[in-house]
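Below: query.cif (mmCIF, C-alpha atoms)
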```cif
data_model
#
loop_
_atom_site.label_atom_id
_atom_site.label_comp_id
_atom_site.auth_asym_id
_atom_site.auth_seq_id
_atom_site.Cartn_x
_atom_site.Cartn_y
_atom_site.Cartn_z
CA SER A 1 84.16 100.28 93.78
CA SER A 2 82.44 103.03 95.73
CA ALA A 3 79.07 101.75 94.51
CA ALA A 4 79.72 98.24 95.85
CA ILE A 5 80.95 99.59 99.17
CA GLU A 6 77.92 101.86 99.52
CA ARG A 7 75.52 99.05 98.59
CA ASN A 8 77.00 96.66 101.16
CA ALA A 9 77.52 99.25 103.88
CA ARG A 10 73.99 100.64 103.64
CA SER A 11 72.34 97.23 103.81
CA ASN A 12 71.54 97.82 107.50
CA GLU A 13 72.64 94.38 108.62
CA PRO A 14 75.48 93.45 111.02
CA ARG A 15 77.29 91.48 108.30
CA ALA A 16 77.84 94.60 106.18
CA PRO A 17 81.53 95.08 107.17
CA LEU A 18 82.14 91.40 106.36
CA LYS A 19 80.59 91.83 102.90
CA VAL A 20 82.70 94.92 102.24
CA ALA A 21 85.92 93.15 103.29
CA LEU A 22 85.20 89.91 101.43
CA THR A 23 84.27 91.76 98.24
CA ALA A 24 87.61 93.59 98.34
CA TYR A 25 89.48 90.34 99.01
CA ARG A 26 87.79 88.50 96.14
CA ASN A 27 88.55 91.33 93.73
CA PHE A 28 92.17 91.48 94.83
CA GLU A 29 92.69 87.71 94.64
CA SER A 30 91.19 87.62 91.15
CA THR A 31 93.43 90.44 89.96
CA ALA A 32 96.52 88.94 91.62
CA ALA A 33 95.79 85.53 90.10
CA SER A 34 95.64 87.08 86.64
CA ARG A 35 98.97 88.76 87.31
CA ASN A 36 100.59 85.50 88.48
CA SER A 37 99.38 83.60 85.42
CA THR A 38 101.17 86.01 83.09
CA ALA A 39 104.24 86.85 85.20
CA VAL A 40 107.68 86.11 83.76
CA GLY A 41 110.55 85.04 86.01
CA PRO A 42 110.63 83.42 89.45
CA GLY A 43 107.27 82.74 91.03
CA LEU A 44 106.17 83.61 94.54
CA ALA A 45 108.06 81.74 97.26
CA CYS A 46 105.20 82.12 99.74
CA SER A 47 103.62 78.82 100.82
CA LYS A 48 101.62 77.28 103.65
CA GLY A 49 103.65 77.32 106.86
CA CYS A 50 106.09 79.96 105.61
CA SER A 51 105.70 82.75 108.14
CA TRP A 52 108.94 84.71 108.19
CA CYS A 53 107.07 87.89 107.26
CA CYS A 54 104.59 87.40 110.13
CA ARG A 55 107.14 88.75 112.60
CA GLY A 56 108.55 92.17 113.26
CA ILE A 57 106.08 94.03 111.06
CA LYS A 58 103.32 96.44 111.99
CA VAL A 59 100.23 95.45 110.02
CA GLU A 60 97.63 98.13 109.40
CA VAL A 61 93.98 97.35 108.70
CA THR A 62 90.75 99.10 107.85
CA ALA A 63 87.88 99.19 110.30
CA THR A 64 85.93 96.67 108.22
CA GLU A 65 88.87 94.25 108.26
CA ALA A 66 89.26 94.46 112.05
CA ILE A 67 85.52 94.10 112.63
CA THR A 68 85.38 91.10 110.28
CA ILE A 69 88.16 89.32 112.18
CA ALA A 70 86.61 90.06 115.58
CA GLU A 71 83.19 88.88 114.45
CA TYR A 72 84.71 85.72 112.98
CA PHE A 73 85.98 84.70 116.40
CA ARG A 74 82.83 85.88 118.17
CA SER A 75 80.63 83.74 115.90
CA SER A 76 82.86 80.66 115.67
CA LEU A 77 83.78 80.25 119.35
CA GLU A 78 81.60 79.25 122.27
CA PRO A 79 81.01 82.16 124.71
CA ALA A 80 83.47 80.79 127.28
CA ASP A 81 86.11 80.15 124.63
CA PHE A 82 85.59 83.60 123.15
CA ALA A 83 86.01 85.17 126.59
CA GLU A 84 89.31 83.33 127.04
CA PHE A 85 90.45 84.27 123.53
CA ASN A 86 89.47 87.90 124.12
CA GLU A 87 91.44 88.04 127.36
CA SER A 88 94.59 86.92 125.52
CA LEU A 89 93.81 89.33 122.70
CA GLN A 90 93.50 92.31 125.04
CA GLU A 91 96.83 91.43 126.67
CA ALA A 92 98.49 91.16 123.25
CA ALA A 93 97.00 94.49 122.20
CA THR A 94 98.38 96.21 125.30
CA GLU A 95 101.81 94.79 124.51
CA SER A 96 101.53 95.75 120.85
CA ARG A 97 100.63 99.35 121.65
CA ALA A 98 103.82 99.64 123.71
CA LEU A 99 106.09 98.59 120.84
CA ASP A 100 107.63 101.13 118.53
CA ALA A 101 108.70 100.18 115.01
CA HIS A 102 112.32 99.57 116.02
CA GLN A 103 111.43 97.29 118.93
CA ARG A 104 108.94 95.39 116.83
CA HIS A 105 111.57 94.79 114.14
CA VAL A 106 114.55 93.96 116.37
CA GLU A 107 112.56 91.61 118.60
CA GLN A 108 110.83 90.06 115.56
CA HIS A 109 107.59 90.24 117.52
CA PRO A 110 105.27 87.54 116.09
CA CYS A 111 101.75 88.33 114.98
CA PHE A 112 99.19 87.40 117.60
CA PHE A 113 97.25 85.38 115.03
CA LEU A 114 100.26 83.28 113.99
CA ASP A 115 100.46 79.66 115.15
CA GLU A 116 104.20 79.53 115.82
CA GLU A 117 104.28 75.72 115.93
CA THR A 118 102.82 75.22 112.45
CA GLY A 119 103.67 78.58 110.94
CA GLU A 120 100.05 78.92 109.82
CA CYS A 121 97.88 82.02 109.97
CA GLY A 122 94.87 81.73 112.28
CA ILE A 123 92.89 84.23 110.21
CA TYR A 124 94.11 83.25 106.74
CA ASP A 125 90.72 83.49 105.02
CA PHE A 126 90.20 86.92 106.60
CA ARG A 127 93.79 88.16 106.56
CA PRO A 128 94.10 91.90 105.82
CA MET A 129 94.76 93.32 102.37
CA ARG A 130 98.24 94.43 103.39
CA CYS A 131 99.11 90.82 104.30
CA ARG A 132 97.80 89.61 100.95
CA GLY A 133 100.03 92.06 99.12
CA HIS A 134 103.15 91.24 101.15
CA THR A 135 104.97 88.67 99.01
CA SER A 136 108.47 87.32 98.42
CA LEU A 137 110.34 85.67 95.57
CA ASP A 138 112.95 84.08 97.87
CA ALA A 139 112.00 82.46 101.20
CA ALA A 140 115.67 81.99 102.15
CA VAL A 141 116.21 85.75 102.13
CA CYS A 142 113.09 86.18 104.28
CA GLU A 143 114.40 83.62 106.78
CA ARG A 144 117.77 85.35 106.97
CA ALA A 145 116.13 88.74 107.48
CA CYS A 146 113.98 87.29 110.28
CA LYS A 147 116.85 85.57 112.08
CA THR A 148 119.24 88.49 111.67
CA PRO A 149 117.11 91.66 111.89
CA ASP A 150 120.16 93.90 111.43
CA ASP A 151 120.84 92.35 108.02
CA ALA A 152 120.07 95.03 105.46
CA SER A 153 119.39 92.54 102.65
CA ASN A 154 116.53 93.56 100.44
CA ILE A 155 113.81 90.93 100.13
CA PRO A 156 112.90 90.40 96.46
CA THR A 157 109.20 91.01 96.05
CA ASP A 158 106.62 91.07 93.29
CA GLY A 159 106.27 94.80 92.91
CA MET A 160 103.14 94.48 90.81
CA ILE A 161 101.31 92.49 93.50
CA GLN A 162 102.28 95.10 96.07
CA GLN A 163 101.08 97.86 93.78
CA ILE A 164 97.75 96.11 93.21
CA SER A 165 97.32 95.73 96.98
CA SER A 166 98.10 99.41 97.54
CA ILE A 167 95.64 100.49 94.85
CA PHE A 168 92.86 98.42 96.42
CA THR A 169 93.69 99.70 99.91
CA LEU A 170 93.94 103.38 98.99
CA GLY A 171 90.86 103.22 96.78
CA GLN A 172 88.82 101.60 99.51
CA ASP A 173 90.00 104.10 102.13
CA GLN A 174 89.07 107.01 99.87
CA ALA A 175 85.65 105.52 99.13
CA PHE A 176 84.97 105.06 102.85
CA ARG A 177 85.74 108.72 103.53
CA GLU A 178 83.68 109.97 100.61
CA LEU A 179 80.69 107.92 101.80
CA GLY A 180 81.01 109.11 105.41
CA TYR A 181 82.48 105.93 106.90
CA ASP A 182 85.62 105.47 108.95
CA GLY A 183 88.46 105.27 106.42
CA GLU A 184 91.36 105.36 108.87
CA SER A 185 94.02 102.67 109.19
CA TYR A 186 94.65 100.92 112.51
CA GLU A 187 97.23 98.53 113.92
CA LEU A 188 95.88 95.00 113.45
CA VAL A 189 95.92 93.53 116.97
CA SER A 190 94.84 96.72 118.71
CA ALA A 191 91.97 97.26 116.26
CA VAL A 192 90.67 93.71 116.54
CA ALA A 193 90.90 93.97 120.34
CA VAL A 194 88.75 97.11 120.35
CA ALA A 195 86.23 95.49 117.99
CA ALA A 196 86.09 92.32 120.09
CA ASN A 197 85.32 94.40 123.18
CA SER A 198 82.56 96.37 121.46
CA PRO A 199 79.21 94.58 120.98
CA GLY A 200 77.27 96.08 118.10
CA VAL A 201 80.45 97.46 116.58
CA ALA A 202 79.34 96.64 113.02
CA LEU A 203 76.11 98.61 113.26
CA ARG A 204 77.93 101.54 114.83
CA TRP A 205 80.45 101.56 111.97
CA MET A 206 77.55 101.64 109.51
CA LYS A 207 76.31 104.80 111.24
CA GLY A 208 79.64 106.50 110.47
CA GLU A 209 81.17 106.21 113.93
CA ARG A 210 84.93 105.86 114.33
CA VAL A 211 84.44 102.78 116.47
CA LEU A 212 88.11 101.75 116.63
CA ALA A 213 89.53 105.08 117.73
CA ALA A 214 90.68 103.85 121.15
#
```
Structure re-expressed in structure tokens:
Amino acid sequence: SSAAIERNARSNEPRAPLKVALTAYRNFESTAASRNSTAVGPGLACSKGCSWCCRGIKVEVTATEAITIAEYFRSSLEPADFAEFNESLQEAATESRALDAHQRHVEQHPCFFLDEETGECGIYDFRPMRCRGHTSLDAAVCERACKTPDDASNIPTDGMIQQISSIFTLGQDQAFRELGYDGESYELVSAVAVAANSPGVALRWMKGERVLAA
């Protein structure tokens, strides 16, 4: 809600963007879990290591999501390791900015945060809302779509989960704007790269700056 966002954002502490993001994630997961418990028909085919949808798709994030991911790596890695990680991140961001939607899809460009050996997400606990709402009812169709990008097969999805994700995303974006915070959407890798290169980015966001507008 707007009240929760305002309360967390105006707390004047660097962890404010993290609190905003995690609150949204908890609310979404709770709502989605309730939906799954009452759903009729085939369940979600998504499982650990299934990463067909982590390729060829442009993922958009809010400023708080990008800042949260960048700060996660900044706080969990040693300075030297973070510097090495950030160098790879900046290179990936430059490459990502050069891709248009068609190239990204045809080349099935993998997400920078995907471990291609295990198929696991490196930011799973902090993955963006749009990733959380991207689901499938048939992993085989996802695999075929990934391996043959020109295949026009429609991937069966849980429309209700997607709708819930969209409602949370749009509501949060609107609340940010109404409260004077950056409510724009940014490409995932590019946004995290900007946040990782910007010390004090959380406090600047809390002041209403558009800190990820590179």
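If you apply the PyMOL selection byres ((chain A and resi 96) around 10) to this structure, you end up with Lys58, Gln90, Glu91, Ala92, Ala93, Thr94, Glu95, Arg97, Ala98, Leu99, Asp100, Arg104, His109, Cys111, Phe112, Glu187, Leu188, Val189 and Ser190 of chain A.
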Here's the selection I'm unsure about, the PyMOL selection byres ((chain A and resi 63-68) around 10); applied to the file above, which residues does it give, as a PDB file with C-alpha atoms, keeping the file's coordinate frame?
```pdb
ATOM      1  CA  ALA A   9      77.520  99.250 103.880  1.00  0.00           C
ATOM      2  CA  ARG A  15      77.290  91.480 108.300  1.00  0.00           C
ATOM      3  CA  ALA A  16      77.840  94.600 106.180  1.00  0.00           C
ATOM      4  CA  PRO A  17      81.530  95.080 107.170  1.00  0.00           C
ATOM      5  CA  LEU A  18      82.140  91.400 106.360  1.00  0.00           C
ATOM      6  CA  LYS A  19      80.590  91.830 102.900  1.00  0.00           C
ATOM      7  CA  VAL A  20      82.700  94.920 102.240  1.00  0.00           C
ATOM      8  CA  ALA A  21      85.920  93.150 103.290  1.00  0.00           C
ATOM      9  CA  LEU A  22      85.200  89.910 101.430  1.00  0.00           C
ATOM     10  CA  GLU A  60      97.630  98.130 109.400  1.00  0.00           C
ATOM     11  CA  VAL A  61      93.980  97.350 108.700  1.00  0.00           C
ATOM     12  CA  THR A  62      90.750  99.100 107.850  1.00  0.00           C
ATOM     13  CA  ILE A  69      88.160  89.320 112.180  1.00  0.00           C
ATOM     14  CA  ALA A  70      86.610  90.060 115.580  1.00  0.00           C
ATOM     15  CA  GLU A  71      83.190  88.880 114.450  1.00  0.00           C
ATOM     16  CA  TYR A  72      84.710  85.720 112.980  1.00  0.00           C
ATOM     17  CA  PHE A  73      85.980  84.700 116.400  1.00  0.00           C
ATOM     18  CA  ARG A  74      82.830  85.880 118.170  1.00  0.00           C
ATOM     19  CA  PHE A 126      90.200  86.920 106.600  1.00  0.00           C
ATOM     20  CA  ARG A 127      93.790  88.160 106.560  1.00  0.00           C
ATOM     21  CA  PRO A 128      94.100  91.900 105.820  1.00  0.00           C
ATOM     22  CA  MET A 129      94.760  93.320 102.370  1.00  0.00           C
ATOM     23  CA  ASP A 173      90.000 104.100 102.130  1.00  0.00           C
ATOM     24  CA  PHE A 176      84.970 105.060 102.850  1.00  0.00           C
ATOM     25  CA  TYR A 181      82.480 105.930 106.900  1.00  0.00           C
ATOM     26  CA  ASP A 182      85.620 105.470 108.950  1.00  0.00           C
ATOM     27  CA  GLY A 183      88.460 105.270 106.420  1.00  0.00           C
ATOM     28  CA  GLU A 184      91.360 105.360 108.870  1.00  0.00           C
ATOM     29  CA  SER A 185      94.020 102.670 109.190  1.00  0.00           C
ATOM     30  CA  TYR A 186      94.650 100.920 112.510  1.00  0.00           C
ATOM     31  CA  GLU A 187      97.230  98.530 113.920  1.00  0.00           C
ATOM     32  CA  LEU A 188      95.880  95.000 113.450  1.00  0.00           C
ATOM     33  CA  VAL A 189      95.920  93.530 116.970  1.00  0.00           C
ATOM     34  CA  SER A 190      94.840  96.720 118.710  1.00  0.00           C
ATOM     35  CA  ALA A 191      91.970  97.260 116.260  1.00  0.00           C
ATOM     36  CA  VAL A 192      90.670  93.710 116.540  1.00  0.00           C
ATOM     37  CA  ALA A 193      90.900  93.970 120.340  1.00  0.00           C
ATOM     38  CA  VAL A 194      88.750  97.110 120.350  1.00  0.00           C
ATOM     39  CA  ALA A 195      86.230  95.490 117.990  1.00  0.00           C
ATOM     40  CA  ALA A 196      86.090  92.320 120.090  1.00  0.00           C
ATOM     41  CA  SER A 198      82.560  96.370 121.460  1.00  0.00           C
ATOM     42  CA  VAL A 201      80.450  97.460 116.580  1.00  0.00           C
ATOM     43  CA  ALA A 202      79.340  96.640 113.020  1.00  0.00           C
ATOM     44  CA  TRP A 205      80.450 101.560 111.970  1.00  0.00           C
ATOM     45  CA  MET A 206      77.550 101.640 109.510  1.00  0.00           C
ATOM     46  CA  ARG A 210      84.930 105.860 114.330  1.00  0.00           C
ATOM     47  CA  VAL A 211      84.440 102.780 116.470  1.00  0.00           C
ATOM     48  CA  LEU A 212      88.110 101.750 116.630  1.00  0.00           C
ATOM     49  CA  ALA A 213      89.530 105.080 117.730  1.00  0.00           C
TER      50      ALA A 213
END
```
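Neighbouring residues of region 118-120 of chain A at 7 Å or closer, counting only C-alpha atoms and skipping chain neighbours under 3 positions away, are Lys48, Gly49, Cys50, Ser51, Leu114 and Asp115 of chain A.
Ranking A:Ala139, A:Gly43, A:Pro156, A:Phe113 by their shortest atom-to-atom distance to Phe85 (chain A), with all atoms listed in the file included, puts A:Phe113 first.
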Starting from the shown file, work through the PyMOL selection byres ((chain A and resi 133) around 8) and note down what comes out as a ChimeraX atom specification. /A:129-132,134-135,161-166
I want to know what sits within 6 Å of Thr157 (chain A), based on all atoms listed in the file, with residues of the same chain fewer than 2 positions away left out; could you give that as number ranges by chain? A: 135-137, 159
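Of the residues under consideration (A:Gly171, A:Asp138, A:Asp125, A:Phe82), A:Asp138 shows the shortest atom-to-atom contact distance to Ile155 (chain A) when counting all atoms listed in the file.
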Between CA of Ala101 (chain A) and CA of Arg144 (chain A), measure the distance and give it in Å to one decimal. 19.2 Å
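Between Glu107 (chain A) and the residues A:Gln172, A:Ser75, A:Thr148, A:Asn86, the shortest atom-to-atom distance, using all atoms listed in the file, involves A:Thr148.
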What is the CA of Cys46 (chain A)-CA of Met160 (chain A) distance in Å, reported with one decimal? 15.4 Å
Report, in Å with one decimal, the straight-line distance from CA of Gly200 (chain A) to CA of Asn27 (chain A). 27.3 Å
